[in-house]
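Novice: Following this line is data_4.txt, made up of compact mmCIF, C-alpha atoms and all ligand atoms:
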```txt
# COMPACT_ATOMS: atom_id res chain seq x y z
CA GLY H 1 9.00 -22.32 4.39
CA GLY H 2 6.04 -19.96 4.27
CA HIS H 3 5.89 -16.35 3.22
CA LEU H 4 7.47 -13.47 5.12
CA LEU H 5 4.07 -11.83 5.49
CA GLU H 6 0.73 -13.34 4.65
CA LEU H 7 -2.82 -12.07 5.04
CA ARG H 8 -5.50 -14.75 5.04
CA ASP H 9 -9.12 -13.91 4.46
CA LEU H 10 -9.05 -10.70 6.48
CA HIS H 11 -12.39 -9.06 7.32
CA VAL H 12 -12.60 -5.62 8.93
CA GLU H 13 -15.75 -3.70 9.82
CA PHE H 14 -16.39 -0.17 10.96
CA ARG H 15 -19.27 -0.09 13.41
CA THR H 16 -20.87 3.32 13.27
CA ASN H 17 -24.12 4.87 14.44
CA GLU H 18 -25.52 4.54 10.92
CA GLY H 19 -24.66 0.87 10.65
CA VAL H 20 -21.86 -1.55 9.86
CA ALA H 21 -19.51 -0.66 7.00
CA ARG H 22 -17.79 -3.73 5.62
CA VAL H 23 -14.46 -2.15 4.70
CA ILE H 24 -12.34 -5.31 4.22
CA ASN H 25 -14.15 -8.34 2.87
CA GLY H 26 -11.80 -11.29 2.69
CA VAL H 27 -8.40 -9.94 1.67
CA SER H 28 -5.57 -12.42 1.16
CA TYR H 29 -2.11 -11.57 -0.09
CA HIS H 30 1.48 -12.45 0.63
CA LEU H 31 4.91 -10.93 0.48
CA ASP H 32 8.30 -12.62 0.27
CA ALA H 33 11.68 -11.21 1.33
CA GLY H 34 12.92 -8.44 -0.94
CA GLU H 35 9.72 -8.29 -2.94
CA THR H 36 7.51 -5.26 -3.68
CA LEU H 37 3.75 -5.60 -3.84
CA ALA H 38 1.75 -2.60 -4.99
CA VAL H 39 -1.75 -2.38 -3.54
CA LEU H 40 -3.82 -0.24 -5.82
CA GLY H 41 -7.29 1.23 -5.59
CA GLU H 42 -9.41 4.34 -5.18
CA SER H 43 -9.78 5.93 -1.78
CA GLY H 44 -12.16 3.87 0.33
CA SER H 45 -11.16 0.60 -1.38
CA GLY H 46 -9.64 -0.67 1.87
CA LYS H 47 -5.98 -0.55 0.91
CA SER H 48 -4.93 1.69 3.82
CA VAL H 49 -7.15 -0.09 6.33
CA THR H 50 -5.49 -3.39 5.41
CA ALA H 51 -2.09 -1.83 6.17
CA GLN H 52 -3.38 -0.36 9.43
CA ALA H 53 -4.57 -3.83 10.44
CA ILE H 54 -1.07 -5.20 9.77
CA MET H 55 0.44 -2.42 11.90
CA GLY H 56 -2.13 -2.81 14.66
CA ILE H 57 -3.16 0.84 14.40
CA LEU H 58 -6.84 0.16 13.78
CA ASP H 59 -7.64 1.24 17.30
CA THR H 60 -10.12 3.93 16.35
CA PRO H 61 -13.00 2.55 18.45
CA PRO H 62 -15.41 1.52 15.69
CA ALA H 63 -12.82 -0.49 13.68
CA PHE H 64 -13.03 -4.20 14.29
CA VAL H 65 -11.14 -7.15 12.79
CA ARG H 66 -13.95 -9.65 12.38
CA SER H 67 -11.90 -12.60 11.14
CA GLY H 68 -8.79 -13.64 9.30
CA GLN H 69 -5.09 -13.96 9.98
CA ILE H 70 -2.06 -11.73 9.58
CA LEU H 71 0.93 -14.06 9.57
CA TYR H 72 4.43 -12.68 10.00
CA LYS H 73 7.02 -15.46 9.65
CA GLY H 74 4.18 -17.88 10.25
CA GLU H 75 2.93 -16.30 13.50
CA ASP H 76 -0.48 -14.65 13.58
CA LEU H 77 -0.05 -11.04 14.71
CA LEU H 78 -3.73 -10.89 15.64
CA THR H 79 -3.41 -13.54 18.34
CA ARG H 80 0.18 -13.06 19.58
CA PRO H 81 0.68 -11.55 23.03
CA GLU H 82 1.01 -7.75 22.96
CA GLU H 83 4.72 -7.87 23.76
CA GLN H 84 5.53 -10.03 20.71
CA ARG H 85 3.39 -7.87 18.48
CA ARG H 86 5.31 -4.82 19.63
CA GLN H 87 8.55 -6.56 18.68
CA VAL H 88 7.32 -6.98 15.13
CA ARG H 89 5.37 -3.82 14.52
CA GLY H 90 7.46 -0.72 14.05
CA LYS H 91 10.62 -2.83 14.10
CA GLU H 92 10.38 -5.73 11.66
CA ILE H 93 7.48 -4.06 9.87
CA ALA H 94 7.63 -0.26 9.56
CA MET H 95 5.29 2.16 7.86
CA ILE H 96 5.48 5.56 6.22
CA PHE H 97 2.51 7.79 5.56
CA GLN H 98 1.38 10.29 2.99
CA ASP H 99 1.62 13.31 5.24
CA ALA H 100 5.13 13.62 6.65
CA LEU H 101 4.39 17.01 8.19
CA SER H 102 1.70 15.75 10.54
CA ALA H 103 3.58 12.51 11.28
CA LEU H 104 6.63 14.45 12.51
CA ASN H 105 6.63 16.36 15.76
CA PRO H 106 7.04 20.08 14.99
CA VAL H 107 8.80 20.94 18.26
CA PHE H 108 11.75 18.55 18.03
CA PRO H 109 14.72 18.58 15.62
CA VAL H 110 14.50 15.80 13.02
CA GLY H 111 17.75 14.19 14.17
CA TRP H 112 16.39 13.95 17.69
CA GLN H 113 13.19 12.31 16.37
CA ILE H 114 15.11 9.71 14.37
CA GLY H 115 17.38 9.15 17.37
CA GLU H 116 14.43 8.77 19.73
CA THR H 117 13.38 5.55 18.00
CA LEU H 118 16.92 4.22 18.39
CA ARG H 119 17.18 5.22 22.06
CA GLN H 120 13.74 3.90 22.98
CA ARG H 121 13.62 0.69 21.01
CA ALA H 122 17.24 -0.26 20.38
CA GLY H 123 18.57 1.04 23.71
CA MET H 124 21.25 3.18 22.04
CA SER H 125 23.17 5.87 23.87
CA ARG H 126 22.57 9.49 22.86
CA ALA H 127 25.90 9.67 21.03
CA ASP H 128 25.33 6.43 19.11
CA ALA H 129 21.76 7.39 18.25
CA ARG H 130 23.00 10.73 16.91
CA ARG H 131 25.67 9.06 14.78
CA ARG H 132 23.16 6.55 13.44
CA ALA H 133 20.61 9.31 12.72
CA ILE H 134 23.19 11.05 10.52
CA GLU H 135 23.93 7.75 8.72
CA LEU H 136 20.22 7.26 8.12
CA MET H 137 19.80 10.79 6.79
CA ASP H 138 22.74 10.10 4.44
CA LEU H 139 21.12 6.83 3.40
CA VAL H 140 17.95 8.63 2.31
CA LYS H 141 20.13 11.22 0.51
CA ILE H 142 19.41 14.32 2.55
CA PRO H 143 22.26 16.65 1.54
CA GLY H 144 24.48 17.83 4.39
CA ALA H 145 22.93 15.40 6.89
CA ALA H 146 25.41 16.17 9.68
CA LYS H 147 24.56 19.88 9.44
CA ARG H 148 20.81 19.41 9.18
CA ILE H 149 20.34 17.04 12.08
CA GLY H 150 19.39 19.93 14.38
CA ASP H 151 16.84 21.43 11.96
CA TYR H 152 13.10 21.29 12.63
CA PRO H 153 10.51 19.70 10.29
CA HIS H 154 9.26 23.05 8.97
CA GLN H 155 12.79 23.87 7.76
CA PHE H 156 12.63 21.03 5.23
CA SER H 157 10.83 20.89 1.88
CA GLY H 158 7.98 18.38 1.47
CA GLY H 159 10.25 15.93 -0.34
CA MET H 160 13.01 16.23 2.28
CA ARG H 161 10.47 15.73 5.08
CA GLN H 162 9.30 12.55 3.40
CA ARG H 163 12.97 11.43 3.35
CA VAL H 164 13.14 12.11 7.10
CA MET H 165 10.06 9.90 7.56
CA ILE H 166 11.70 7.16 5.53
CA ALA H 167 14.88 7.47 7.62
CA MET H 168 12.80 7.04 10.80
CA ALA H 169 11.04 4.01 9.36
CA LEU H 170 14.40 2.44 8.45
CA ALA H 171 15.97 3.10 11.86
CA LEU H 172 15.33 -0.38 13.21
CA ASP H 173 16.22 -2.25 9.99
CA PRO H 174 12.72 -3.43 9.06
CA LYS H 175 12.22 -6.49 6.87
CA VAL H 176 9.01 -5.01 5.53
CA LEU H 177 8.32 -1.37 4.72
CA ILE H 178 4.72 -0.34 4.17
CA ALA H 179 4.47 2.92 2.22
CA ASP H 180 0.95 4.38 2.20
CA GLU H 181 0.63 6.90 -0.64
CA PRO H 182 4.17 8.11 0.11
CA THR H 183 4.25 10.64 -2.72
CA THR H 184 0.65 11.81 -3.02
CA ALA H 185 1.24 15.13 -1.24
CA LEU H 186 4.28 15.98 -3.39
CA ASP H 187 4.68 17.53 -6.81
CA VAL H 188 5.41 15.29 -9.79
CA THR H 189 9.18 15.75 -9.99
CA VAL H 190 9.63 15.13 -6.28
CA GLN H 191 7.28 12.12 -6.49
CA ALA H 192 9.60 10.49 -9.02
CA GLN H 193 12.64 11.17 -6.81
CA ILE H 194 11.01 9.58 -3.78
CA MET H 195 9.91 6.54 -5.79
CA ASP H 196 13.48 6.16 -7.10
CA LEU H 197 14.79 6.41 -3.56
CA LEU H 198 12.38 3.71 -2.35
CA ALA H 199 13.37 1.46 -5.26
CA ASP H 200 17.10 1.96 -4.46
CA LEU H 201 16.64 1.37 -0.73
CA ARG H 202 14.62 -1.74 -1.27
CA ARG H 203 17.45 -3.16 -3.42
CA GLU H 204 20.28 -2.02 -1.13
CA LEU H 205 18.62 -3.23 2.06
CA ASN H 206 16.80 -6.23 0.53
CA MET H 207 13.56 -5.11 2.19
CA ALA H 208 10.14 -6.26 1.16
CA MET H 209 7.77 -3.41 0.45
CA ILE H 210 4.04 -2.88 0.29
CA LEU H 211 3.39 0.20 -1.79
CA ILE H 212 -0.14 1.52 -1.37
CA THR H 213 -1.28 3.91 -4.07
CA HIS H 214 -4.23 5.08 -6.12
CA ASP H 215 -1.90 5.86 -9.01
CA LEU H 216 -1.07 2.97 -11.34
CA GLY H 217 1.38 5.32 -13.06
CA VAL H 218 3.87 5.30 -10.16
CA VAL H 219 4.18 1.55 -9.62
CA ALA H 220 5.63 0.37 -12.95
CA GLY H 221 9.30 0.82 -12.11
CA VAL H 222 9.05 -0.31 -8.52
CA ALA H 223 6.63 -3.17 -7.96
CA ASP H 224 6.92 -6.87 -8.76
CA ARG H 225 3.24 -7.65 -8.34
CA ILE H 226 0.06 -5.62 -8.13
CA ALA H 227 -3.05 -6.34 -6.08
CA VAL H 228 -5.98 -4.19 -7.19
CA MET H 229 -8.59 -3.51 -4.51
CA TYR H 230 -12.23 -2.58 -4.90
CA ALA H 231 -14.85 -2.37 -2.14
CA GLY H 232 -12.61 -4.15 0.35
CA ARG H 233 -11.63 -7.02 -1.94
CA ILE H 234 -8.74 -7.82 -4.22
CA VAL H 235 -10.27 -7.93 -7.69
CA GLU H 236 -7.10 -8.58 -9.65
CA HIS H 237 -3.70 -9.87 -8.61
CA ALA H 238 -0.87 -10.35 -11.08
CA ASP H 239 2.73 -9.51 -11.88
CA VAL H 240 3.27 -5.96 -13.10
CA ARG H 241 4.00 -6.84 -16.73
CA SER H 242 0.85 -8.91 -17.14
CA ILE H 243 -1.28 -6.11 -15.74
CA TYR H 244 0.20 -3.45 -18.00
CA LYS H 245 0.09 -5.74 -21.01
CA ALA H 246 -3.44 -6.98 -20.54
CA PRO H 247 -5.53 -6.26 -17.46
CA ALA H 248 -8.06 -9.02 -16.82
CA HIS H 249 -10.52 -7.07 -14.69
CA PRO H 250 -12.60 -4.16 -16.04
CA TYR H 251 -11.73 -2.05 -13.00
CA THR H 252 -7.97 -2.45 -13.58
CA LYS H 253 -8.54 -1.75 -17.27
CA GLY H 254 -10.34 1.46 -16.34
CA LEU H 255 -7.50 2.53 -14.05
CA LEU H 256 -4.95 1.88 -16.80
CA GLU H 257 -6.92 3.80 -19.37
CA SER H 258 -7.00 6.83 -17.09
CA ILE H 259 -3.18 7.15 -17.06
CA PRO H 260 -1.79 9.57 -19.66
CA ARG H 261 0.50 7.80 -22.12
CA LEU H 262 3.67 9.55 -23.23
CA ASP H 263 3.56 7.92 -26.66
CA VAL H 264 0.04 8.99 -27.63
CA ARG H 265 -0.74 12.58 -28.55
CA GLY H 266 -4.11 14.25 -28.30
CA GLN H 267 -5.51 11.29 -26.41
CA GLU H 268 -8.79 11.39 -24.63
CA LEU H 269 -8.35 9.96 -21.18
CA SER H 270 -11.22 7.90 -19.96
CA THR H 271 -12.17 7.82 -16.35
CA ILE H 272 -14.18 5.17 -14.61
CA LYS H 273 -17.77 6.36 -14.42
CA GLY H 274 -19.62 6.53 -11.13
CA LEU H 275 -18.41 6.34 -7.57
CA PRO H 276 -17.13 3.59 -5.29
CA PRO H 277 -20.00 1.90 -3.41
CA ASN H 278 -21.32 2.76 0.00
CA LEU H 279 -19.72 0.05 2.14
CA MET H 280 -22.88 -0.26 4.25
CA ARG H 281 -24.77 -1.33 1.11
CA ILE H 282 -22.38 -3.13 -1.20
CA PRO H 283 -24.14 -3.95 -4.50
CA SER H 284 -25.38 -7.50 -5.13
CA GLY H 285 -23.41 -9.94 -7.25
CA CYS H 286 -20.25 -8.25 -8.47
CA PRO H 287 -19.69 -5.11 -6.35
CA PHE H 288 -18.32 -3.32 -9.45
CA HIS H 289 -21.40 -4.01 -11.59
CA PRO H 290 -23.01 -0.52 -11.41
CA ARG H 291 -19.85 0.95 -12.95
CA CYS H 292 -18.75 -1.81 -15.29
CA PRO H 293 -18.80 -1.43 -19.08
CA TYR H 294 -18.86 -5.25 -19.44
CA VAL H 295 -21.82 -5.85 -17.11
CA GLN H 296 -24.27 -8.71 -17.86
CA GLN H 297 -27.22 -10.07 -15.90
CA VAL H 298 -25.03 -12.74 -14.25
CA CYS H 299 -22.95 -9.92 -12.72
CA VAL H 300 -25.98 -8.58 -10.88
CA ASP H 301 -27.01 -12.04 -9.68
CA GLU H 302 -23.80 -13.86 -8.85
CA PHE H 303 -20.71 -12.93 -6.89
CA PRO H 304 -17.60 -13.53 -9.05
CA HIS H 305 -15.00 -15.66 -7.29
CA ASP H 306 -11.34 -15.46 -8.32
CA LEU H 307 -10.58 -16.95 -11.70
CA VAL H 308 -7.01 -18.19 -12.08
CA LEU H 309 -5.70 -17.24 -15.51
CA GLY H 310 -2.25 -18.83 -15.57
CA ASP H 311 1.06 -17.48 -14.23
CA GLY H 312 -0.87 -17.48 -10.97
CA ARG H 313 -2.73 -14.30 -11.88
CA THR H 314 -6.28 -13.99 -10.65
CA SER H 315 -9.27 -11.86 -11.54
CA ALA H 316 -12.58 -11.73 -9.70
CA CYS H 317 -14.68 -11.26 -12.82
CA HIS H 318 -17.14 -13.57 -14.57
CA PHE H 319 -15.62 -12.49 -17.88
CA ALA H 320 -11.94 -12.28 -16.93
CA GLN H 321 -10.80 -14.21 -19.98
CA GLU H 322 -12.79 -12.03 -22.39
CA VAL H 323 -11.64 -8.81 -20.70
CA ARG H 324 -8.03 -9.90 -20.95
CA ASP H 325 -8.36 -10.85 -24.62
CA ASP H 326 -10.10 -7.56 -25.29
CA SER H 327 -7.21 -5.74 -23.57
CA VAL H 328 -4.65 -7.51 -25.77
CA ALA H 329 -6.57 -6.65 -28.93
CA ARG H 330 -6.72 -2.96 -28.04
FE1 LIG S 401 -17.91 -6.31 -14.73
FE2 LIG S 401 -19.38 -8.49 -14.46
FE3 LIG S 401 -16.76 -8.67 -14.38
FE4 LIG S 401 -18.08 -7.52 -12.38
S1 LIG S 401 -18.18 -9.67 -13.01
S2 LIG S 401 -16.24 -6.78 -13.32
S3 LIG S 401 -19.72 -6.50 -13.50
S4 LIG S 401 -17.98 -8.05 -16.13
MG MG S 402 -5.61 5.82 2.19
```
Give the structure from this file in structure tokens form.
Ligand code: SF4
Ligand code: MG

Specialist:
Amino acid sequence: GGHLLELRDLHVEFRTNEGVARVINGVSYHLDAGETLAVLGESGSGKSVTAQAIMGILDTPPAFVRSGQILYKGEDLLTRPEEQRRQVRGKEIAMIFQDALSALNPVFPVGWQIGETLRQRAGMSRADARRRAIELMDLVKIPGAAKRIGDYPHQFSGGMRQRVMIAMALALDPKVLIADEPTTALDVTVQAQIMDLLADLRRELNMAMILITHDLGVVAGVADRIAVMYAGRIVEHADVRSIYKAPAHPYTKGLLESIPRLDVRGQELSTIKGLPPNLMRIPSGCPFHPRCPYVQQVCVDEFPHDLVLGDGRTSACHFAQEVRDDSVAR
């Protein structure tokens, strides 16, 4: 059979007064049951917009899916009738966001908010929804769940609020959980705890997960594969070990070199020079060429299509092989 979730050549534009921003330019990726894919990139690379397209929450007027398919169990969510889409989105595919505080309603107790999903979408009675809400709060390891079910969002720490969000997302037993920068707003210790929780849940519940992040440092222990996005495209796609061992795209290499390493003292961290492109005027040839330390004339002239490097890994770089070998030699 096919994949659980598959994006095929997705294109999304933002139509603004200043012009058309091409935010997603032919993204394809897939996810199988129980698997975790990390989608990595700077802000504006299109990683969140891709997720919003999957969830059908691109409704901000100027956003427009120009072409492509989003297949869930082989059915294209973009062309299914609204009713069927609603069955999938929020139920089979759930999403958590960076900012738990603004995603939760401040005037209702958290237990009521978790229960609301169960009452509305699973038709549970108030008593059953309450019981299930406590179970879910236990599942995400909120201490004293039964006592805290009546507390309001502001009575929880940032980390505990993110756990509440995760509990809500899990309420309808999703097959896919999309986590968009789930730890960015939290301090480092709490970040690690939330990532551990997500890794545990994914194993216990055999969920597939799309983990969206700008931080290559947080994905190592959690993801199976990584898709690196730049200017609305996937520029490198590989299993986690291959990427850490030897990135095959200069952008990925730059991201890796900007993570502090525990085993190297007094290191100078490099950062990628320059800024992501204006999506209304994406550079010619390779969109990364103005920032790339490996740039050659061909990069300015010719768009680099995916090169397949073995083990199914791909890199959209004219010099993928050389970059990978250079990474190994380092
Ligand atoms: Fe750099 Fe050229 Fe590769 Fe683009 S194609 S990433 S500019 S080396
Ligand atoms: Mg984002």

Novice: What are the nearest atom pairs, with distances in Å to one decimal, for all residues of chain H that come at most 12 Å from ligand LIG 401 (chain S), using all atoms listed in the file, set out by chain and rising residue number as a Markdown table?

Specialist:
```
| residue | atom | partner | partner_atom | distance |
| --- | --- | --- | --- | --- |
| H:Tyr230 | CA | S:LIG401 | S2 | 10.2 |
| H:Ala231 | CA | S:LIG401 | FE4 | 11.9 |
| H:Ile234 | CA | S:LIG401 | S2 | 11.8 |
| H:Val235 | CA | S:LIG401 | S2 | 8.3 |
| H:Glu236 | CA | S:LIG401 | S2 | 10.0 |
| H:Pro247 | CA | S:LIG401 | S2 | 11.5 |
| H:Ala248 | CA | S:LIG401 | FE3 | 9.0 |
| H:His249 | CA | S:LIG401 | S2 | 5.9 |
| H:Pro250 | CA | S:LIG401 | S2 | 5.2 |
| H:Tyr251 | CA | S:LIG401 | S2 | 6.5 |
| H:Thr252 | CA | S:LIG401 | S2 | 9.3 |
| H:Lys253 | CA | S:LIG401 | S2 | 10.0 |
| H:Gly254 | CA | S:LIG401 | S2 | 10.6 |
| H:Pro283 | CA | S:LIG401 | S3 | 10.3 |
| H:Ser284 | CA | S:LIG401 | S3 | 10.2 |
| H:Gly285 | CA | S:LIG401 | FE4 | 7.8 |
| H:Cys286 | CA | S:LIG401 | FE4 | 4.5 |
| H:Pro287 | CA | S:LIG401 | FE4 | 6.7 |
| H:Phe288 | CA | S:LIG401 | FE4 | 5.1 |
| H:His289 | CA | S:LIG401 | S3 | 3.6 |
| H:Pro290 | CA | S:LIG401 | S3 | 7.1 |
| H:Arg291 | CA | S:LIG401 | S3 | 7.5 |
| H:Cys292 | CA | S:LIG401 | FE1 | 4.6 |
| H:Pro293 | CA | S:LIG401 | FE1 | 6.6 |
| H:Tyr294 | CA | S:LIG401 | S4 | 4.4 |
| H:Val295 | CA | S:LIG401 | S3 | 4.2 |
| H:Gln296 | CA | S:LIG401 | FE2 | 6.0 |
| H:Gln297 | CA | S:LIG401 | FE2 | 8.1 |
| H:Val298 | CA | S:LIG401 | FE2 | 7.1 |
| H:Cys299 | CA | S:LIG401 | FE2 | 4.2 |
| H:Val300 | CA | S:LIG401 | S3 | 7.1 |
| H:Asp301 | CA | S:LIG401 | FE2 | 9.7 |
| H:Glu302 | CA | S:LIG401 | S1 | 8.2 |
| H:Phe303 | CA | S:LIG401 | S1 | 7.4 |
| H:Pro304 | CA | S:LIG401 | S1 | 5.6 |
| H:His305 | CA | S:LIG401 | S1 | 8.9 |
| H:Asp306 | CA | S:LIG401 | S1 | 10.1 |
| H:Leu307 | CA | S:LIG401 | S1 | 10.6 |
| H:Ser315 | CA | S:LIG401 | FE3 | 8.6 |
| H:Ala316 | CA | S:LIG401 | S1 | 6.8 |
| H:Cys317 | CA | S:LIG401 | FE3 | 3.7 |
| H:His318 | CA | S:LIG401 | S1 | 4.3 |
| H:Phe319 | CA | S:LIG401 | FE3 | 5.3 |
| H:Ala320 | CA | S:LIG401 | FE3 | 6.5 |
| H:Gln321 | CA | S:LIG401 | FE3 | 9.9 |
| H:Glu322 | CA | S:LIG401 | S4 | 9.1 |
| H:Val323 | CA | S:LIG401 | S4 | 7.9 |
| H:Arg324 | CA | S:LIG401 | FE3 | 11.0 |
```

Novice: Could you state the separation of CA of Met168 in chain H and CA of Leu77 in chain H in Å, given to one decimal place?

Specialist: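 Calculated distance between CA of Met168 in chain H and CA of Leu77 in chain H is 22.5 Å.
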
Novice: How would you report the residues lying within 8 Å of ligand MG 402 (chain S), as a list in words, if you count all atoms listed in the file?

Specialist: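 Those within range of ligand MG 402 (chain S) are Ser43, Gly44, Gly46, Lys47, Ser48, Val49, Asp180, Glu181, Ile212 and Thr213 of chain H.
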
Novice: Pull C-alpha atoms from the residues just selected and write them as an mmCIF file, keeping the file's coordinate frame.

Specialist:
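Output saved as result35.cif:
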```
data_model
loop_
_atom_site.group_PDB
_atom_site.id
_atom_site.type_symbol
_atom_site.label_atom_id
_atom_site.label_comp_id
_atom_site.auth_asym_id
_atom_site.auth_seq_id
_atom_site.Cartn_x
_atom_site.Cartn_y
_atom_site.Cartn_z
ATOM 1 C CA SER H 43 -9.780 5.930 -1.780
ATOM 2 C CA GLY H 44 -12.160 3.870 0.330
ATOM 3 C CA GLY H 46 -9.640 -0.670 1.870
ATOM 4 C CA LYS H 47 -5.980 -0.550 0.910
ATOM 5 C CA SER H 48 -4.930 1.690 3.820
ATOM 6 C CA VAL H 49 -7.150 -0.090 6.330
ATOM 7 C CA ASP H 180 0.950 4.380 2.200
ATOM 8 C CA GLU H 181 0.630 6.900 -0.640
ATOM 9 C CA ILE H 212 -0.140 1.520 -1.370
ATOM 10 C CA THR H 213 -1.280 3.910 -4.070
#
```

Novice: State, in Å with one decimal place, the distance from CA of Phe97 in chain H to CA of Ile226 in chain H.

Specialist: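 Interatomic distance here is 19.3 Å.
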
Novice: Name all residues at most 6 Å from range 21-34 of chain H (count all atoms listed in the file; drop same-chain ones fewer than 3 positions away) and give them as a ChimeraX atom specification.

Specialist: /H:3-14,46,206-208,232-233,279-280

Novice: Quick one, how far is CA of Met229 in chain H from CA of Asp200 in chain H?

Specialist: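 Computing it gives 26.3 Å between the two atoms.
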
Novice: Could you list, as a PyMOL selection string, every residue within 9 Å of Gly115 in chain H, counting only C-alpha atoms and ignoring same-chain residues fewer than 5 positions away?

Specialist: chain H and resi 110+120+124+126+128-133+168+171

Novice: Which of these, H:Val219, H:Leu205, H:Ile70, H:Ile166, has the shortest distance to Gln98 in chain H once you count all atoms listed in the file?

Specialist: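 Distance minimum relative to Gln98 in chain H lands on H:Ile166.
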
Novice: May I have the protein, DNA and RNA residues with an atom at most 10 Å from (5.4, 15.2, 8.4), counting only C-alpha atoms in the file's coordinates, returned as a ChimeraX atom specification?

Specialist: /H:96-106,153-154,156,158,160-165

Novice: Go through H:Leu37, H:Leu118, H:Val190, H:Ile178 and flag the residue nearest Asp224 in chain H, using only C-alpha atoms for the distances.

Specialist: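 Of H:Leu37, H:Leu118, H:Val190, H:Ile178, the one nearest Asp224 in chain H is H:Leu37, counting only C-alpha atoms.
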
Novice: So which residues fall inside 10 Å of (-18.1, 7.4, -1.4) if we count all atoms listed in the file? Mind giving them as a ChimeraX atom specification?

Specialist: /H:42-45,274-279

Novice: Could you check which of H:Ser258, H:Glu35, H:Ala146, H:Gln193 is closest to Gly159 in chain H, using only C-alpha atoms?

Specialist: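 Of the candidates, the smallest distance to Gly159 in chain H is held by H:Gln193.
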
Novice: Which of these, H:Leu40, H:Leu177, H:Met137, H:Leu58, has the shortest distance to His237 in chain H once you count only C-alpha atoms?

Specialist: H:Leu40

Novice: Which is closest to Arg86 in chain H among H:Ile54, H:Ala246, H:Ala38, H:Val65, if we use all atoms listed in the file?

Specialist: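 Among H:Ile54, H:Ala246, H:Ala38, H:Val65, it is H:Ile54 that comes nearest to Arg86 in chain H.
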
Novice: Could you give me, as a ChimeraX atom specification, the residues within 10 Å of Leu139 in chain H, counting all atoms listed in the file and dropping anything in the same chain fewer than 2 positions from it?

Specialist: /H:133-137,141-142,145,163,166-167,170,197,201,204
